[in-house]
There are 4 protein chains.
Amino acid sequence: MIRVKVVGATGYGGVGITELVLQHPEAKLVSLIAREDVGLPISKVYPHLEGFCDLPVLASDDPRAAAPADVVFFATPDKVGMAAARDELAKGAKVVDYSGDFRFTTAEAYADYAMRIGKDPSHACPDLLGRNAYGLAELHRDEIRQADIVGNPGCFACSCILGLAPAAQASLVEPYSIICDCKTGVSGAGKKVNAAYHYPARYEQMNAYKLSGHQHVCEVERELSLQAGTDIKITFTAQVVPVCRGILSTLYGTLTRPMTEAEAVALYRDFFKDSPFIRIYGSDASIGTLNVRGTNFCNLVVSVDARVNRLRIVAHIDNLMKGQAGSALQNMNLMFGLPENTGLNRPGIYP
Amino acid sequence: MIRVKVVGATGYGGVGITELVLQHPEAKLVSLIAREDVGLPISKVYPHLEGFCDLPVLASDDPRAAAPADVVFFATPDKVGMAAARDELAKGAKVVDYSGDFRFTTAEAYADYAMRIGKDPSHACPDLLGRNAYGLAELHRDEIRQADIVGNPGCFACSCILGLAPAAQASLVEPYSIICDCKTGVSGAGKKVNAAYHYPARYEQMNAYKLSGHQHVCEVERELSLQAGTDIKITFTAQVVPVCRGILSTLYGTLTRPMTEAEAVALYRDFFKDSPFIRIYGSDASIGTLNVRGTNFCNLVVSVDARVNRLRIVAHIDNLMKGQAGSALQNMNLMFGLPENTGLNRPGIYP
Amino acid sequence: MIRVKVVGATGYGGVGITELVLQHPEAKLVSLIAREDVGLPISKVYPHLEGFCDLPVLASDDPRAAAPADVVFFATPDKVGMAAARDELAKGAKVVDYSGDFRFTTAEAYADYAMRIGKDPSHACPDLLGRNAYGLAELHRDEIRQADIVGNPGCFACSCILGLAPAAQASLVEPYSIICDCKTGVSGAGKKVNAAYHYPARYEQMNAYKLSGHQHVCEVERELSLQAGTDIKITFTAQVVPVCRGILSTLYGTLTRPMTEAEAVALYRDFFKDSPFIRIYGSDASIGTLNVRGTNFCNLVVSVDARVNRLRIVAHIDNLMKGQAGSALQNMNLMFGLPENTGLNRPGIYP
Amino acid sequence: MIRVKVVGATGYGGVGITELVLQHPEAKLVSLIAREDVGLPISKVYPHLEGFCDLPVLASDDPRAAAPADVVFFATPDKVGMAAARDELAKGAKVVDYSGDFRFTTAEAYADYAMRIGKDPSHACPDLLGRNAYGLAELHRDEIRQADIVGNPGCFACSCILGLAPAAQASLVEPYSIICDCKTGVSGAGKKVNAAYHYPARYEQMNAYKLSGHQHVCEVERELSLQAGTDIKITFTAQVVPVCRGILSTLYGTLTRPMTEAEAVALYRDFFKDSPFIRIYGSDASIGTLNVRGTNFCNLVVSVDARVNRLRIVAHIDNLMKGQAGSALQNMNLMFGLPENTGLNRPGIYP
């Protein structure tokens, strides 16, 4: 059994990986670390876990927090994982980090990202940056299998990259024409209370935010540029709507050559033919984010606006699953030589 | 493997049992029957099932609908199950029916119920009424194990009976003092569209309905009277609030003798000590319906209003799980000699 | 023009009275006082007010906060209004207070209430307790007209008292049989963020809270006892459901004598015949809280459960209007000799 | 007093104009016409209107439906208004139609639109097409003042045109680069029940629809082309999210020349300097659709993505107000020589 330690266990990212590990046939939880609710059983913090996981929440300096683990999930903000990763590696664990700390493989790329989010641009362990991989399994399976550390993608980034990678790779769209219009459910903002996500302020609200620049742009542009073999720059809009779980990203790019929807659909299906969590649809599909809630799937609707020669992809994910804990578990599976959908192969519930 | 047939497969009750059977280690789906969407793969009707279950929806007279099954779930309205049950039994199947058709074990009790809901009071197969059991496992485990037919409880009834059975059995409350104030999520009304459940009419709406009498009253009074060994009559109020899944039933009864909350909690814990899906809490618990969503649990908060000598129980269930498909699967497990929580032992997801 | 000062202007209670005064033909805002967002125009805090009210938020010690006013609304927590009321009265203003500070007319009754909510039982200005009135216009019109200070009712209390006053006055129900099962929308908890009202924790949640005792019980029992001329004690359950605005209170009492629904409806209509904001319905009405949202109406559905001889009233209000700012303005109208529905006579919007 | 007749009175568009006229100082309702609920008082259909408007719903052939009116609002689907307009004009009334029937001023333009929505391309009264105006007051005030018939804009179209008209007029963006990514609340689909808008199917759902072409594209392209003096073609995406009221349209165009946000904001403010319902913000504003709910305002956030030289406008309206009944009343005001904000100058309520 893969022994699992979760740091940041009391946030939504932490409870997400906890729920998944509880149902994973080859993994088990050994310790839950957090800064809040220390000493409480996790099932007091999250009553739905009662009887399933009653481990105590430990402070990071609790001796029990040092119990041996095979993998450590850092469900933590920027700068936390990089401060602790070296230690965990030394103890023989592999690391999956949810933040931007290990999404970049050079100190320069990290610095560029860190400055964008107003953080110290220096990385705490630049020497580790060769041992990490970007944790989007559909594009980096082999690197993830080899990596000691995986930087889990940002939730918006995951939807945008999956939605545009086939087009980028095939040079279907003009490099500077891409627009990512992204809508997220409120759980994307995490568990921490905030005036903007107080129920009465949110239940009937839609808004855009961070119009001056969102931190996920870096990784989207890096990944799409990699696929395209040329520099790609995007316009990115983050928006919040009153659902709990779900990202709907509508992605636009000017076609470099005329193309029918059928051709585009075929190209997407081929690109993802070995990816069990990607489903491709044409524009006549009646689907939405509710159809992937609670699952690790990314559903992509591929369409072409022939009047203006534009490709339009609508990407649907559960931001807490494929956008976070689901991808994290998929990465763990790859790192430990398991089929990537182990413990993740469930349809969700409806409605 | 237990071969499962679902009748009424395209409703919420049908998709619920379908989702559960897909994850059950000892059961598999063999046919899905419905009146709507005939001919479509079920995964076109419910896209989240794509790749998990792509069986076609069959008309009841389709030859493939007659494929042998070990259990048939009738996720259908009143009068459907009773018209087909004899045939299924003859072919060797056991039957679980969601409606009121088999919740009563005498023709008289059925007639009383049928008249209350404005239906023909005669039962189509009164001779089968000895072979059925009321499908609330926590109270009727042994009868369910023996039964050929199980009448699955009504969703409200399930919450009220579980919440009051210990008090009734111990004669804690005055027989005519009981009030069941019940709030359900909208999924309780099923998949069929209705002006009252159109999103704009509902998103910010709370209301009571059927004040002149709700069909679940019969079974609640029957079950509580059985437990108490005396006639019990209740006041029942059905209300709808804008959640999707969940029933919150607040249950009141005048105590026959003074009692502390601690005593009441202890009595409830003892009553349900062998029931894996019941959790008992005191009045200081911070729980709600969200904590049981997607699960087969019934969480009960037990409190005493000492100022006026009244017992108050707050029952929480997922109306589509413990209140419907979850109980149905629990019943199947019992009928086939499996542990009752097989395929049901999951915590749900949060948030 | 009645010059209006609002203390606690940045909370939901404050913005509620601000919106109402802006549309009142005989009143105008002169100053807005709060502890947060001091110095900002109120239209920065509440952008919907831009162009309608751009007054700055003032600290209470700002000289501009002392500008003369004819009425001061204290949309503030307990203990704030009583500390400042004497001063405002001395300057010639009348006072409407939203908290429990002036809901009781004797120091003893206040002490009883204060202890229940864990506050200092001594009142800061017991000598003023003769000059105040309980601000439920339908029961205390004349006292409100004469009063210098009005203690606005609690939101739950408003719905319970209006729903049961006719029954209490006519001695229709047993004094110790009353149960108030109350459900509120989330705005009832105010603007302050709270883990329980974070959108993801709330959007699909129903729960009871404060089972050990809610502060509104005091005033409900006092008012009903006054109507009945005998001591009345209630069981009260507070519950939260995911709507923004609305209280649905389902009220039960054992009838002292058999009675038809028609008789009860007639008695209620007669009791409220001079109350423009009360509408009475029988059990066949299709109404809910959405139908009073944004208005000062209280809609009451009157029914009798003849099987067990019980009266059941379903009361519907907007907790921020009839339950708060609307009643406050209605009280102001009475205190200044205006028709009580001045500036309040609007139907709301649907959906 | 302007005598008002509403056709299609029982839909959301009908009840919207009814609510507004009830509060208009110079207008009064004389008759309400609909095909459903005929004979009922409108206050039975919409209980919030009880005591405010209890007029009966009349069939169109009811003699009382022919009572003289000064203005007739057709809150009806395509083809209804054009069949009745001539008659109403002959009787001396002016007409405001909500559908596409009178949004186009030539038979050719109408045919193009009608074919796009799969309707008969011939107009029932092409001779009237000179007497109509497109009912977006901010762009066509003078024509509306002169017109006998006004074609009220589509809700999405209203947000897109207002958001892009200044840029189009100033030739700020490349004509074929425009993308309109639009999200609407569910009330935009009207009162008619629909499986996609059943509460359980919608409460946690986001989806795009009509990807192959939306009927509002015609009028957006026509209006923007008019402003620009050159042919403009757009990519338009319609999406639904689970709010009741609100449209959030995020609008993109490649700048024809570098421009700062401040310059763009200034240009927008100047364009709308005489429009009382338009508010312009920079990218640092914290606003959303909740801040315009229940009002006739259109709030525009203007930003520039300098990295890729793109203009981005976020438009916020209430789809049932500025997007429908509010614009309709604003048009009536202009047609009758009243200030355009008469009866509309309210801030809405929050939260």
# chains A, B, ... in the order shown; residues from 1 in each chain; ligands from 1
>>> residues_around(residues="region 130-142 of chain B", least_positions_apart="4", cutoff="10 Å", atoms="only C-alpha atoms", output="JSON, numbers by chain")
{"B": [95, 96, 97, 98, 100, 102, 103, 104, 105, 106, 107, 126, 146, 147, 148, 149, 150, 151, 152, 153, 154, 157, 158, 161, 162, 165, 219, 223, 227, 271, 272, 274, 275, 276, 277, 278, 322, 323, 327, 328, 330, 331, 332, 334, 335, 340]}
>>> interface_residues(of="chain A", to="chain B", cutoff="9 Å", atoms="only C-alpha atoms", output="count of residues only")
33
>>> atom_distance(atom1="CA of Asn319 (chain D)", atom2="CA of Ser212 (chain D)")
22.3 Å
>>> select_by_dssp(residues="region 70-269 of chain B", states="strand (DSSP E or B)", output="PyMOL selection string")
chain B and resi 71-74+94-97+132-134+149-151+173+178-184+198+207-209+234-240+247-255
>>> residues_around(residues="region 26-36 of chain A", least_positions_apart="3", cutoff="9 Å", atoms="only C-alpha atoms", output="PyMOL selection string")
chain A and resi 1-11+14+18+21-23+39+42+53+55-60+62+64-69+338+342-343
>>> residues_around(residues="region 115-117 of chain C", least_positions_apart="5", cutoff="12 Å", atoms="only C-alpha atoms", output="count of residues only")
20
>>> calpha_fit_and_write(fixed="chain B", moving="chain D", output="compact mmCIF listing (two decimals) with C-alpha atoms, in the first residue's frame")
# COMPACT_ATOMS: atom_id res chain seq x y z
CA MET D 1 -23.03 -11.71 -10.08
CA ILE D 2 -26.54 -10.55 -9.32
CA ARG D 3 -28.18 -9.64 -12.62
CA VAL D 4 -30.10 -6.39 -12.28
CA LYS D 5 -32.97 -5.03 -14.32
CA VAL D 6 -34.21 -1.51 -13.79
CA VAL D 7 -37.72 -0.44 -14.78
CA GLY D 8 -38.18 3.31 -14.92
CA ALA D 9 -34.50 3.67 -15.74
CA THR D 10 -34.62 7.23 -17.06
CA GLY D 11 -36.02 8.88 -13.94
CA TYR D 12 -33.93 10.03 -10.98
CA GLY D 13 -34.75 6.85 -9.11
CA GLY D 14 -33.62 4.79 -12.06
CA VAL D 15 -30.37 6.58 -12.67
CA GLY D 16 -29.69 6.43 -8.94
CA ILE D 17 -29.84 2.64 -8.76
CA THR D 18 -27.92 2.42 -12.04
CA GLU D 19 -25.05 4.47 -10.60
CA LEU D 20 -24.99 2.28 -7.51
CA VAL D 21 -25.07 -1.04 -9.32
CA LEU D 22 -22.21 0.11 -11.56
CA GLN D 23 -20.05 0.32 -8.46
CA HIS D 24 -21.37 -2.77 -6.71
CA PRO D 25 -18.88 -5.66 -6.59
CA GLU D 26 -21.51 -8.40 -6.83
CA ALA D 27 -24.09 -6.95 -9.20
CA LYS D 28 -24.30 -5.98 -12.83
CA LEU D 29 -26.89 -4.33 -15.01
CA VAL D 30 -28.57 -6.44 -17.65
CA SER D 31 -31.41 -4.27 -18.88
CA LEU D 32 -32.84 -0.80 -18.54
CA ILE D 33 -36.53 -0.29 -19.21
CA ALA D 34 -38.40 2.99 -19.59
CA ARG D 35 -41.19 4.67 -21.51
CA GLU D 36 -39.18 7.72 -22.59
CA ASP D 37 -35.98 7.92 -24.60
CA VAL D 38 -36.50 4.37 -25.83
CA GLY D 39 -33.71 3.28 -28.14
CA LEU D 40 -31.16 5.76 -26.87
CA PRO D 41 -28.14 4.58 -24.95
CA ILE D 42 -28.68 5.58 -21.32
CA SER D 43 -25.45 7.55 -21.64
CA LYS D 44 -27.17 9.89 -24.11
CA VAL D 45 -29.86 10.56 -21.54
CA TYR D 46 -27.33 10.86 -18.73
CA PRO D 47 -23.99 11.86 -20.26
CA HIS D 48 -22.07 11.26 -17.04
CA LEU D 49 -22.59 7.54 -17.61
CA GLU D 50 -20.76 7.54 -20.94
CA GLY D 51 -18.20 4.75 -20.90
CA PHE D 52 -19.66 3.32 -17.70
CA CYS D 53 -23.03 2.19 -18.95
CA ASP D 54 -24.09 2.52 -22.55
CA LEU D 55 -26.96 0.04 -22.46
CA PRO D 56 -29.93 1.03 -24.59
CA VAL D 57 -33.19 2.15 -23.00
CA LEU D 58 -35.71 -0.56 -23.84
CA ALA D 59 -39.47 -0.46 -24.08
CA SER D 60 -41.09 -2.89 -21.68
CA ASP D 61 -42.29 -5.02 -24.58
CA ASP D 62 -38.89 -5.22 -26.22
CA PRO D 63 -37.77 -8.88 -26.31
CA ARG D 64 -34.44 -7.86 -24.78
CA ALA D 65 -36.37 -6.57 -21.77
CA ALA D 66 -37.20 -10.18 -20.94
CA ALA D 67 -33.57 -11.17 -20.40
CA PRO D 68 -33.21 -13.10 -17.13
CA ALA D 69 -32.54 -11.03 -14.04
CA ASP D 70 -32.07 -11.87 -10.39
CA VAL D 71 -33.57 -8.67 -9.14
CA VAL D 72 -35.85 -6.09 -10.71
CA PHE D 73 -36.01 -2.55 -9.39
CA PHE D 74 -39.25 -0.80 -10.16
CA ALA D 75 -38.31 2.87 -10.02
CA THR D 76 -41.82 3.64 -11.14
CA PRO D 77 -45.00 5.39 -9.96
CA ASP D 78 -47.78 3.67 -8.09
CA LYS D 79 -49.57 0.79 -9.84
CA VAL D 80 -46.72 -0.06 -12.25
CA GLY D 81 -44.83 -2.49 -10.06
CA MET D 82 -47.88 -4.38 -8.94
CA ALA D 83 -48.87 -4.97 -12.56
CA ALA D 84 -45.57 -6.62 -13.40
CA ALA D 85 -44.34 -8.15 -10.17
CA ARG D 86 -46.02 -11.53 -10.53
CA ASP D 87 -44.34 -12.08 -13.88
CA GLU D 88 -40.93 -11.20 -12.56
CA LEU D 89 -41.34 -13.46 -9.57
CA ALA D 90 -42.40 -16.28 -11.86
CA LYS D 91 -39.21 -15.84 -13.82
CA GLY D 92 -37.25 -16.21 -10.61
CA ALA D 93 -36.44 -12.61 -9.87
CA LYS D 94 -36.82 -10.74 -6.63
CA VAL D 95 -38.49 -7.35 -6.73
CA VAL D 96 -37.78 -4.00 -5.11
CA ASP D 97 -40.49 -1.46 -5.78
CA TYR D 98 -40.11 2.27 -5.08
CA SER D 99 -43.80 3.13 -4.96
CA GLY D 100 -46.50 2.49 -2.42
CA ASP D 101 -47.50 -0.74 -4.18
CA PHE D 102 -45.72 -3.06 -1.77
CA ARG D 103 -45.30 -0.96 1.33
CA PHE D 104 -48.36 -2.54 2.90
CA THR D 105 -48.84 -6.16 3.77
CA THR D 106 -52.61 -6.36 3.69
CA ALA D 107 -55.13 -5.38 1.05
CA GLU D 108 -56.93 -3.26 3.64
CA ALA D 109 -53.86 -1.21 4.52
CA TYR D 110 -53.11 -0.77 0.84
CA ALA D 111 -56.67 0.40 0.16
CA ASP D 112 -56.42 2.99 2.89
CA TYR D 113 -53.23 4.34 1.34
CA ALA D 114 -54.52 4.20 -2.23
CA MET D 115 -57.63 6.15 -1.38
CA ARG D 116 -55.53 8.81 0.27
CA ILE D 117 -53.63 9.36 -2.98
CA GLY D 118 -56.76 9.18 -5.10
CA LYS D 119 -56.01 5.81 -6.69
CA ASP D 120 -58.06 2.67 -7.16
CA PRO D 121 -58.06 1.03 -3.71
CA SER D 122 -57.89 -2.52 -5.00
CA HIS D 123 -54.49 -4.14 -5.21
CA ALA D 124 -53.63 -5.98 -8.43
CA CYS D 125 -52.15 -8.96 -6.64
CA PRO D 126 -53.35 -9.16 -3.06
CA ASP D 127 -52.05 -12.72 -2.81
CA LEU D 128 -48.49 -11.42 -3.02
CA LEU D 129 -48.98 -9.20 0.00
CA GLY D 130 -47.75 -11.92 2.31
CA ARG D 131 -44.46 -12.23 0.44
CA ASN D 132 -43.45 -8.58 0.74
CA ALA D 133 -41.67 -6.57 3.39
CA TYR D 134 -41.43 -2.88 4.19
CA GLY D 135 -38.00 -1.90 3.00
CA LEU D 136 -36.62 0.04 5.90
CA ALA D 137 -33.68 -2.17 6.76
CA GLU D 138 -33.05 -0.69 10.19
CA LEU D 139 -36.44 -1.90 11.38
CA HIS D 140 -37.16 -4.91 9.20
CA ARG D 141 -33.87 -6.58 8.39
CA ASP D 142 -35.03 -10.11 8.89
CA GLU D 143 -38.26 -9.75 6.98
CA ILE D 144 -36.42 -8.17 4.08
CA ARG D 145 -33.97 -11.06 4.01
CA GLN D 146 -36.91 -13.46 3.64
CA ALA D 147 -39.01 -11.41 1.30
CA ASP D 148 -39.50 -11.87 -2.42
CA ILE D 149 -40.76 -8.34 -2.78
CA VAL D 150 -39.70 -5.23 -0.94
CA GLY D 151 -41.66 -2.00 -0.88
CA ASN D 152 -39.03 0.71 -0.60
CA PRO D 153 -40.04 3.46 1.86
CA GLY D 154 -41.12 6.92 0.85
CA CYS D 155 -38.31 9.44 1.21
CA PHE D 156 -40.01 11.60 3.85
CA ALA D 157 -41.27 8.51 5.61
CA CYS D 158 -37.78 7.08 5.84
CA SER D 159 -36.53 10.17 7.68
CA CYS D 160 -39.52 10.38 10.02
CA ILE D 161 -39.60 6.71 10.94
CA LEU D 162 -35.87 6.48 11.59
CA GLY D 163 -36.06 9.67 13.61
CA LEU D 164 -38.95 8.56 15.80
CA ALA D 165 -38.76 4.76 15.98
CA PRO D 166 -36.59 4.65 19.12
CA ALA D 167 -38.87 7.11 20.88
CA ALA D 168 -41.95 5.19 19.80
CA GLN D 169 -40.56 1.84 20.87
CA ALA D 170 -39.64 3.21 24.29
CA SER D 171 -42.99 5.00 24.64
CA LEU D 172 -41.13 8.27 25.16
CA VAL D 173 -43.68 10.50 23.49
CA GLU D 174 -47.42 11.00 23.70
CA PRO D 175 -49.01 9.13 20.78
CA TYR D 176 -50.99 12.09 19.45
CA SER D 177 -48.41 14.79 20.07
CA ILE D 178 -46.07 14.04 17.16
CA ILE D 179 -45.34 16.66 14.53
CA CYS D 180 -43.14 15.95 11.51
CA ASP D 181 -41.98 19.18 9.91
CA CYS D 182 -40.20 18.03 6.75
CA LYS D 183 -38.20 19.96 4.16
CA THR D 184 -37.08 18.33 0.97
CA GLY D 185 -34.78 19.27 -1.86
CA VAL D 186 -36.31 19.58 -5.30
CA SER D 187 -35.01 16.30 -6.66
CA GLY D 188 -37.63 14.66 -4.49
CA ALA D 189 -40.19 15.71 -7.06
CA GLY D 190 -38.42 13.70 -9.73
CA LYS D 191 -37.22 14.43 -13.22
CA LYS D 192 -40.53 15.50 -14.72
CA VAL D 193 -40.65 19.22 -15.37
CA ASN D 194 -43.18 21.25 -13.42
CA ALA D 195 -43.89 24.96 -13.16
CA ALA D 196 -43.15 24.92 -9.44
CA TYR D 197 -39.68 23.50 -10.03
CA HIS D 198 -38.68 25.67 -12.96
CA TYR D 199 -35.39 27.22 -11.91
CA PRO D 200 -36.51 30.86 -11.78
CA ALA D 201 -39.60 29.92 -9.79
CA ARG D 202 -37.64 27.90 -7.31
CA TYR D 203 -34.12 29.24 -6.74
CA GLU D 204 -35.28 31.64 -3.98
CA GLN D 205 -38.48 29.94 -2.91
CA MET D 206 -39.62 28.05 0.17
CA ASN D 207 -43.13 26.71 0.50
CA ALA D 208 -45.31 24.14 2.13
CA TYR D 209 -47.51 21.93 -0.05
CA LYS D 210 -50.17 19.24 0.25
CA LEU D 211 -51.26 20.69 3.55
CA SER D 212 -54.47 18.74 3.31
CA GLY D 213 -52.60 15.42 3.49
CA HIS D 214 -49.44 13.74 2.20
CA GLN D 215 -49.31 10.13 1.07
CA HIS D 216 -46.36 9.25 3.31
CA VAL D 217 -48.39 9.77 6.48
CA CYS D 218 -49.86 6.22 6.26
CA GLU D 219 -46.57 4.42 6.43
CA VAL D 220 -45.14 6.68 9.13
CA GLU D 221 -48.14 6.12 11.37
CA ARG D 222 -48.15 2.40 10.65
CA GLU D 223 -44.46 1.96 11.46
CA LEU D 224 -44.50 4.14 14.57
CA SER D 225 -47.64 2.45 15.84
CA LEU D 226 -45.97 -0.92 15.33
CA GLN D 227 -42.96 0.20 17.33
CA ALA D 228 -45.09 1.74 20.05
CA GLY D 229 -47.64 -1.02 20.25
CA THR D 230 -50.32 1.64 20.29
CA ASP D 231 -52.04 3.87 17.78
CA ILE D 232 -50.03 6.91 16.77
CA LYS D 233 -51.27 9.81 14.68
CA ILE D 234 -49.06 12.60 13.40
CA THR D 235 -49.27 16.05 11.93
CA PHE D 236 -47.09 16.08 8.84
CA THR D 237 -45.95 19.11 6.84
CA ALA D 238 -44.17 18.72 3.51
CA GLN D 239 -42.06 21.68 2.41
CA VAL D 240 -39.72 22.31 -0.50
CA VAL D 241 -36.58 24.39 -0.35
CA PRO D 242 -34.05 25.10 -3.09
CA VAL D 243 -31.49 22.42 -2.57
CA CYS D 244 -31.22 19.54 -5.00
CA ARG D 245 -30.66 16.61 -2.64
CA GLY D 246 -31.54 16.42 0.98
CA ILE D 247 -34.33 15.99 3.48
CA LEU D 248 -34.27 17.77 6.82
CA SER D 249 -37.07 16.49 9.03
CA THR D 250 -37.62 18.14 12.37
CA LEU D 251 -39.66 15.86 14.57
CA TYR D 252 -41.41 16.81 17.78
CA GLY D 253 -43.20 14.90 20.48
CA THR D 254 -44.29 15.63 24.03
CA LEU D 255 -42.28 13.52 26.44
CA THR D 256 -44.19 11.07 28.58
CA ARG D 257 -41.62 11.57 31.32
CA PRO D 258 -38.81 14.04 31.95
CA MET D 259 -35.60 13.02 30.25
CA THR D 260 -32.23 14.60 29.61
CA GLU D 261 -30.70 14.94 26.20
CA ALA D 262 -27.92 12.57 27.27
CA GLU D 263 -30.45 9.87 28.15
CA ALA D 264 -32.23 10.32 24.87
CA VAL D 265 -28.98 10.19 22.91
CA ALA D 266 -27.98 7.00 24.72
CA LEU D 267 -31.33 5.40 23.99
CA TYR D 268 -31.05 6.27 20.30
CA ARG D 269 -27.47 4.98 20.07
CA ASP D 270 -28.52 1.73 21.61
CA PHE D 271 -31.49 1.32 19.30
CA PHE D 272 -29.33 1.73 16.22
CA LYS D 273 -26.21 0.01 17.49
CA ASP D 274 -26.24 -2.53 14.66
CA SER D 275 -27.17 -0.10 11.90
CA PRO D 276 -24.13 1.00 9.91
CA PHE D 277 -25.87 3.91 8.21
CA ILE D 278 -27.21 5.69 11.29
CA ARG D 279 -25.21 8.29 13.18
CA ILE D 280 -26.52 9.86 16.39
CA TYR D 281 -25.54 13.36 17.58
CA GLY D 282 -26.40 15.66 20.46
CA SER D 283 -27.66 19.21 20.01
CA ASP D 284 -24.16 20.67 19.90
CA ALA D 285 -23.31 18.97 16.58
CA SER D 286 -22.66 21.17 13.57
CA ILE D 287 -24.12 19.07 10.82
CA GLY D 288 -26.58 19.45 8.01
CA THR D 289 -27.90 17.70 4.95
CA LEU D 290 -24.78 18.50 2.92
CA ASN D 291 -22.90 16.09 5.16
CA VAL D 292 -24.95 13.11 3.99
CA ARG D 293 -25.36 14.10 0.35
CA GLY D 294 -24.58 11.28 -2.05
CA THR D 295 -24.55 8.74 0.78
CA ASN D 296 -26.85 6.22 2.41
CA PHE D 297 -26.49 7.71 5.88
CA CYS D 298 -29.19 9.04 8.13
CA ASN D 299 -27.78 11.47 10.69
CA LEU D 300 -29.98 12.14 13.69
CA VAL D 301 -29.60 15.04 16.10
CA VAL D 302 -31.36 14.28 19.38
CA SER D 303 -32.40 17.10 21.68
CA VAL D 304 -34.80 17.79 24.52
CA ASP D 305 -36.58 21.10 25.06
CA ALA D 306 -36.76 20.79 28.82
CA ARG D 307 -38.74 24.02 29.29
CA VAL D 308 -41.78 22.41 27.70
CA ASN D 309 -40.86 18.75 28.11
CA ARG D 310 -40.57 17.99 24.44
CA LEU D 311 -38.35 15.67 22.43
CA ARG D 312 -36.98 17.10 19.19
CA ILE D 313 -35.16 15.03 16.59
CA VAL D 314 -33.58 16.50 13.47
CA ALA D 315 -33.15 13.84 10.78
CA HIS D 316 -30.86 14.33 7.77
CA ILE D 317 -30.86 12.12 4.69
CA ASP D 318 -30.16 12.32 0.99
CA ASN D 319 -33.64 11.82 -0.40
CA LEU D 320 -32.31 10.06 -3.52
CA MET D 321 -30.03 7.74 -1.53
CA LYS D 322 -31.23 6.65 1.90
CA GLY D 323 -34.57 8.04 0.77
CA GLN D 324 -34.62 6.02 -2.42
CA ALA D 325 -31.91 4.20 -4.43
CA GLY D 326 -29.57 3.70 -1.48
CA SER D 327 -32.21 1.99 0.59
CA ALA D 328 -33.16 -0.01 -2.48
CA LEU D 329 -29.64 -1.33 -2.84
CA GLN D 330 -29.36 -1.93 0.89
CA ASN D 331 -32.52 -4.05 0.55
CA MET D 332 -31.06 -5.94 -2.39
CA ASN D 333 -27.99 -6.72 -0.33
CA LEU D 334 -30.13 -8.17 2.44
CA MET D 335 -32.27 -10.16 0.01
CA PHE D 336 -29.15 -11.75 -1.47
CA GLY D 337 -27.36 -12.44 1.79
CA LEU D 338 -24.71 -9.76 1.40
CA PRO D 339 -23.56 -7.35 4.09
CA GLU D 340 -26.09 -4.54 3.93
CA ASN D 341 -23.52 -1.87 3.19
CA THR D 342 -21.94 -3.63 0.19
CA GLY D 343 -21.43 -1.08 -2.56
CA LEU D 344 -22.76 1.68 -0.33
CA ASN D 345 -19.92 2.31 2.05
CA ARG D 346 -18.76 5.67 0.76
CA PRO D 347 -18.51 9.05 2.46
CA GLY D 348 -19.68 11.28 -0.39
CA ILE D 349 -17.81 14.37 -1.53
CA TYR D 350 -17.51 17.78 0.04
CA PRO D 351 -18.34 20.49 -0.80
>>> select_by_dssp(residues="region 25-197 of chain D", states="helix (DSSP H, G or I)", output="ChimeraX atom specification")
/D:42-45,47-49,63-66,80-90,100-102,107-116,126-130,137-146,155-169,186-189,195-197
